[in-house]
$ cat upload-v3.txt   # compact mmCIF, C-alpha atoms and all ligand atoms
# COMPACT_ATOMS: atom_id res chain seq x y z
CA MET A 1 135.52 210.76 104.93
CA THR A 2 133.51 212.71 102.34
CA CYS A 3 132.81 212.24 98.60
CA LEU A 4 135.51 213.99 96.57
CA LEU A 5 132.93 215.27 94.10
CA CYS A 6 129.91 216.35 96.16
CA CYS A 7 131.34 216.38 99.73
CA LYS A 8 128.59 214.06 101.08
CA GLN A 9 129.53 211.82 104.07
CA LEU A 10 130.65 208.40 102.87
CA ILE A 11 130.81 206.44 106.08
CA LYS A 12 127.47 204.63 105.52
CA GLU A 13 128.56 203.45 102.07
CA MET A 14 131.91 202.02 103.15
CA THR A 15 132.72 198.33 103.49
CA ILE A 16 135.45 196.53 105.46
CA SER A 17 137.67 196.33 102.37
CA ASP A 18 137.29 200.09 101.87
CA PHE A 19 138.94 200.55 105.26
CA TRP A 20 141.49 197.81 104.71
CA PHE A 21 142.91 198.51 101.23
CA PHE A 22 144.15 202.02 100.65
CA HIS A 23 143.79 202.13 96.86
CA LYS A 24 140.38 200.43 97.03
CA LYS A 25 139.04 202.92 99.53
CA LYS A 26 135.76 204.55 98.58
CA ARG A 27 136.36 208.19 97.61
CA VAL A 28 133.16 209.00 95.82
CA CYS A 29 129.50 208.40 96.67
CA SER A 30 127.40 205.99 94.62
CA TYR A 31 125.21 208.81 93.32
CA CYS A 32 128.20 210.70 91.85
CA LEU A 33 129.64 207.46 90.47
CA SER A 34 126.32 206.63 88.79
CA LYS A 35 126.63 209.77 86.65
CA PHE A 36 129.57 208.25 84.75
CA THR A 37 128.76 205.85 81.92
CA LYS A 38 130.68 202.57 81.96
CA ILE A 39 131.58 201.08 78.60
CA LYS A 40 129.85 197.76 78.08
CA LYS A 41 128.25 196.61 74.85
CA HIS A 42 128.00 197.77 71.23
CA ILE A 43 131.50 199.08 70.88
CA CYS A 44 134.17 198.97 68.19
CA LYS A 45 136.33 195.96 68.97
CA ARG A 46 139.50 197.94 68.27
CA CYS A 47 139.03 201.25 70.06
CA SER A 48 135.97 200.81 72.35
CA LYS A 49 134.03 203.63 70.69
CA SER A 50 130.26 203.30 70.87
CA CYS A 51 129.49 201.72 67.51
CA ILE A 52 127.21 199.15 65.88
CA GLU A 53 129.81 198.10 63.29
CA GLU A 54 132.51 195.65 64.28
CA ILE A 55 135.23 198.20 63.44
CA CYS A 56 134.38 201.91 63.53
CA CYS A 57 135.19 204.36 60.73
CA ASP A 58 137.96 206.00 62.85
CA CYS A 59 139.74 202.66 63.13
CA GLN A 60 139.40 202.01 59.42
CA LYS A 61 141.24 205.29 58.77
CA TRP A 62 143.97 204.43 61.26
CA GLN A 63 144.38 201.03 59.67
CA LYS A 64 145.30 202.70 56.39
CA LEU A 65 147.93 204.86 58.12
CA TYR A 66 149.33 202.04 60.29
CA PRO A 67 148.67 198.87 58.27
CA ASN A 68 151.07 196.71 60.29
CA TYR A 69 149.77 197.68 63.72
CA GLN A 70 147.21 195.34 65.27
CA PHE A 71 145.66 198.17 67.25
CA LYS A 72 143.60 197.37 70.33
CA ASN A 73 142.38 199.91 72.85
CA GLU A 74 140.40 199.27 75.99
CA SER A 75 138.60 202.06 77.87
CA LEU A 76 136.52 202.17 81.03
CA TYR A 77 134.08 205.06 80.59
CA PHE A 78 132.42 207.03 77.84
CA TYR A 79 132.91 210.79 77.76
CA ASN A 80 129.81 212.53 79.10
CA GLU A 81 128.96 215.65 81.08
CA ALA A 82 130.07 214.17 84.42
CA MET A 83 133.36 213.08 82.88
CA GLU A 84 133.89 216.50 81.34
CA GLU A 85 133.43 218.04 84.78
CA PHE A 86 135.80 215.51 86.33
CA MET A 87 138.51 216.24 83.72
CA GLN A 88 138.06 219.97 84.26
CA LYS A 89 138.57 219.67 88.01
CA TYR A 90 141.35 217.08 87.86
CA LYS A 91 143.42 218.31 84.92
CA PHE A 92 142.69 221.98 84.49
CA TYR A 93 142.11 223.04 88.10
CA GLY A 94 144.70 220.48 89.25
CA ASP A 95 142.71 218.83 92.08
CA TYR A 96 145.14 215.93 92.58
CA ARG A 97 142.88 214.20 95.14
CA LEU A 98 140.56 213.25 92.26
CA ARG A 99 143.12 210.68 91.03
CA PHE A 100 141.46 208.27 93.47
CA ILE A 101 137.96 208.40 92.01
CA PHE A 102 138.44 205.60 89.48
CA ALA A 103 141.26 203.80 91.33
CA LYS A 104 139.17 200.76 92.23
CA GLU A 105 137.89 200.23 88.67
CA MET A 106 141.31 200.84 87.14
CA ALA A 107 143.04 198.41 89.50
CA GLN A 108 140.39 195.79 88.70
CA ARG A 109 140.54 196.25 84.92
CA LEU A 110 144.33 196.35 84.69
CA LYS A 111 144.76 193.14 86.71
CA LYS A 112 144.93 191.09 83.51
CA TYR A 113 147.94 193.13 82.31
CA ARG A 114 150.13 191.96 85.20
CA GLU A 115 152.76 190.59 82.79
CA TRP A 116 152.80 193.74 80.69
CA VAL A 117 154.94 196.86 81.03
CA ILE A 118 152.62 199.77 81.73
CA VAL A 119 153.83 202.94 79.97
CA PRO A 120 151.99 206.20 80.73
CA ILE A 121 151.67 208.95 78.13
CA PRO A 122 153.95 211.80 79.27
CA ILE A 123 153.27 215.51 79.52
CA SER A 124 155.84 218.24 78.83
CA LYS A 125 157.98 219.76 81.61
CA LYS A 126 156.18 223.04 81.10
CA ARG A 127 152.76 221.41 81.55
CA PHE A 128 154.08 219.49 84.56
CA SER A 129 155.25 222.66 86.26
CA LEU A 130 151.88 224.33 85.64
CA ARG A 131 149.77 221.38 86.83
CA GLY A 132 152.15 219.89 89.37
CA PHE A 133 151.54 216.29 88.28
CA ASN A 134 151.12 214.00 85.30
CA GLN A 135 147.42 213.10 85.34
CA VAL A 136 147.98 209.62 83.89
CA GLU A 137 150.70 208.72 86.40
CA GLY A 138 148.38 210.06 89.11
CA LEU A 139 145.61 207.63 88.07
CA LEU A 140 148.06 204.71 88.01
CA LEU A 141 149.65 205.58 91.36
CA ALA A 142 146.23 205.91 92.98
CA SER A 143 145.30 202.47 91.59
CA GLY A 144 148.47 200.89 92.99
CA ILE A 145 149.76 200.00 89.49
CA CYS A 146 153.50 199.97 88.77
CA PHE A 147 154.52 201.72 85.58
CA TYR A 148 157.60 202.56 83.59
CA SER A 149 158.01 206.06 82.13
CA ALA A 150 159.71 205.24 78.83
CA LEU A 151 158.44 208.24 76.89
CA MET A 152 159.26 211.93 77.04
CA LYS A 153 157.43 214.90 75.60
CA PRO A 154 160.08 217.56 74.97
CA PHE A 155 157.63 220.43 74.33
CA ASP A 156 153.96 221.20 73.75
CA ARG A 157 152.51 221.82 70.36
CA GLU A 158 150.21 224.79 70.05
CA TYR A 159 146.85 224.25 71.66
CA GLN A 160 144.77 222.07 69.40
CA SER A 161 141.13 222.76 70.12
CA HIS A 162 140.71 225.30 67.31
CA LYS A 163 142.05 222.88 64.72
CA THR A 164 139.84 220.67 62.60
CA ARG A 165 139.87 216.94 63.13
CA GLU A 166 141.91 216.43 59.93
CA GLU A 167 144.52 218.99 61.07
CA ARG A 168 144.79 217.31 64.45
CA LEU A 169 145.38 213.92 62.84
CA GLN A 170 148.36 215.25 60.91
CA THR A 171 150.44 216.73 63.74
CA VAL A 172 154.11 215.83 64.03
CA GLN A 173 155.53 213.31 66.48
CA PRO A 174 155.58 214.88 69.99
CA PHE A 175 157.24 211.98 71.83
CA LEU A 176 160.71 210.55 72.31
CA LEU A 177 161.68 207.14 73.62
CA THR A 178 164.28 207.28 76.41
CA GLN A 179 167.60 205.53 75.84
CA ALA A 180 166.90 203.17 78.77
CA GLY A 181 163.40 202.57 77.40
CA LYS A 182 164.83 201.16 74.18
CA SER A 183 166.47 198.25 75.97
CA THR A 184 163.91 197.84 78.76
CA LEU A 185 160.97 197.47 76.38
CA TYR A 186 162.74 195.16 73.95
CA HIS A 187 160.53 192.15 73.24
CA LYS A 188 158.08 193.06 76.02
CA LYS A 189 154.30 193.33 75.95
CA ILE A 190 153.50 197.01 76.42
CA LEU A 191 150.32 198.70 77.53
CA LEU A 192 150.29 202.42 76.71
CA VAL A 193 148.01 204.27 79.14
CA ASP A 194 146.35 207.65 78.67
CA ASP A 195 143.52 209.43 80.46
CA ILE A 196 141.37 210.04 77.41
CA TYR A 197 141.10 208.74 73.85
CA THR A 198 139.86 211.53 71.59
CA THR A 199 141.06 211.06 68.02
CA GLY A 200 143.59 208.35 68.78
CA ARG A 201 146.37 210.60 67.49
CA THR A 202 148.29 210.66 70.79
CA LEU A 203 148.30 206.88 71.19
CA PHE A 204 149.32 206.26 67.58
CA HIS A 205 152.18 208.75 67.97
CA ALA A 206 153.26 206.97 71.15
CA TYR A 207 153.10 203.64 69.35
CA GLY A 208 155.24 205.17 66.58
CA VAL A 209 158.16 205.72 68.96
CA ILE A 210 157.60 202.67 71.20
CA LYS A 211 158.02 200.35 68.24
CA GLU A 212 161.66 201.50 67.94
CA ALA A 213 162.25 199.26 70.98
CA LEU A 214 160.97 196.23 69.02
CA PRO A 215 158.32 195.23 71.55
CA LYS A 216 156.49 191.94 71.33
CA LYS A 217 153.06 193.56 71.41
CA VAL A 218 151.57 197.02 72.03
CA GLN A 219 148.04 197.68 73.23
CA THR A 220 146.48 200.77 74.75
CA PHE A 221 144.22 201.63 77.65
CA THR A 222 142.43 204.86 78.49
CA LEU A 223 140.13 205.81 81.31
CA VAL A 224 137.79 207.59 78.91
CA ARG A 225 136.70 207.04 75.32
ZN ZN B 301 129.18 212.41 95.67
ZN ZN B 302 137.23 201.93 66.50

$ encode --input "upload-v3.txt" --output "structure tokens"
Amino acid sequence: MTCLLCCKQLIKEMTISDFWFFHKKKRVCSYCLSKFTKIKKHICKRCSKSCIEEICCDCQKWQKLYPNYQFKNESLYFYNEAMEEFMQKYKFYGDYRLRFIFAKEMAQRLKKYREWVIVPIPISKKRFSLRGFNQVEGLLLASGICFYSALMKPFDREYQSHKTREERLQTVQPFLLTQAGKSTLYHKKILLVDDIYTTGRTLFHAYGVIKEALPKKVQTFTLVR
């Protein structure tokens, strides 16, 4: 077994439980893992952004747009150079094996949401056929977490990277709630899961359609903030 990122032999770093539990198996060496920055202290209590204030300025803006939504997002890692490289390999080059890299941490962190319905953010059919997988579902499957795909993304908007932050915040709703989702999510606690939280726009759009099902509570989780 070799590290999925640097190809170094992993056998010396493996424990009994790594051999025993498939989704807990070590897939990356400790040196590669140390290059990612785990989110710990000094963060916004709503969105997990690195921040000295209690609520960051992004969240204050969202609060004005969604005054009735008690938004709460939890994330595992900050975006840094190692994470950028990971996202590049996993999402853009489509290396599906990389879904296992954070499986152990994700399984651990999502334990407390056992009673919740986990809903991944969808990708469009076109994106799916290009990449071959939904990167969020990949992370959840690798972590051994059951999920329910209640959302659809009928088509992609034009690529957003050239737009300003303000333009990106004003895009139109890209998601639909499935007919079955409406009844399944009724009065349930829902955890929306995405790979990365950038502006928050995606998660707030997803919340916008999920609330049609009249859920009890909606929170969000992303691997990266
Ligand atoms: Zn490595
Ligand atoms: Zn915030």

$ residues_around --input "upload-v3.txt" --residues "Cys6 in chain A" --least-positions-apart "2" --cutoff "10 Å" --atoms "only C-alpha atoms" --output "PyMOL selection string"
chain A and resi 2-4+8-9+28-29+31-32

$ atom_distance --input "upload-v3.txt" --atom1 "CA of Ala206 in chain A" --atom2 "CA of Thr220 in chain A"
9.9 Å

$ closest_residue --input "upload-v3.txt" --among "A:Gly144, A:Leu151, A:Leu98, A:Phe78" --to "ligand ZN 301 (chain B)" --atoms "all atoms listed in the file"
A:Leu98

$ residues_around --input "upload-v3.txt" --residues "Thr198 in chain A" --least-positions-apart "6" --cutoff "10 Å" --atoms "all atoms listed in the file" --output "number ranges by chain"
A: 49, 79, 222, 224-225

$ residues_near_point --input "upload-v3.txt" --point "(129.2, 206.9, 83.2)" --cutoff "8 Å" --atoms "all atoms listed in the file" --output "list in words"
Leu33, Ser34, Lys35, Phe36, Thr37, Lys38, Ile39, Tyr77, Phe78, Tyr79, Asn80, Ala82 and Met83 of chain A
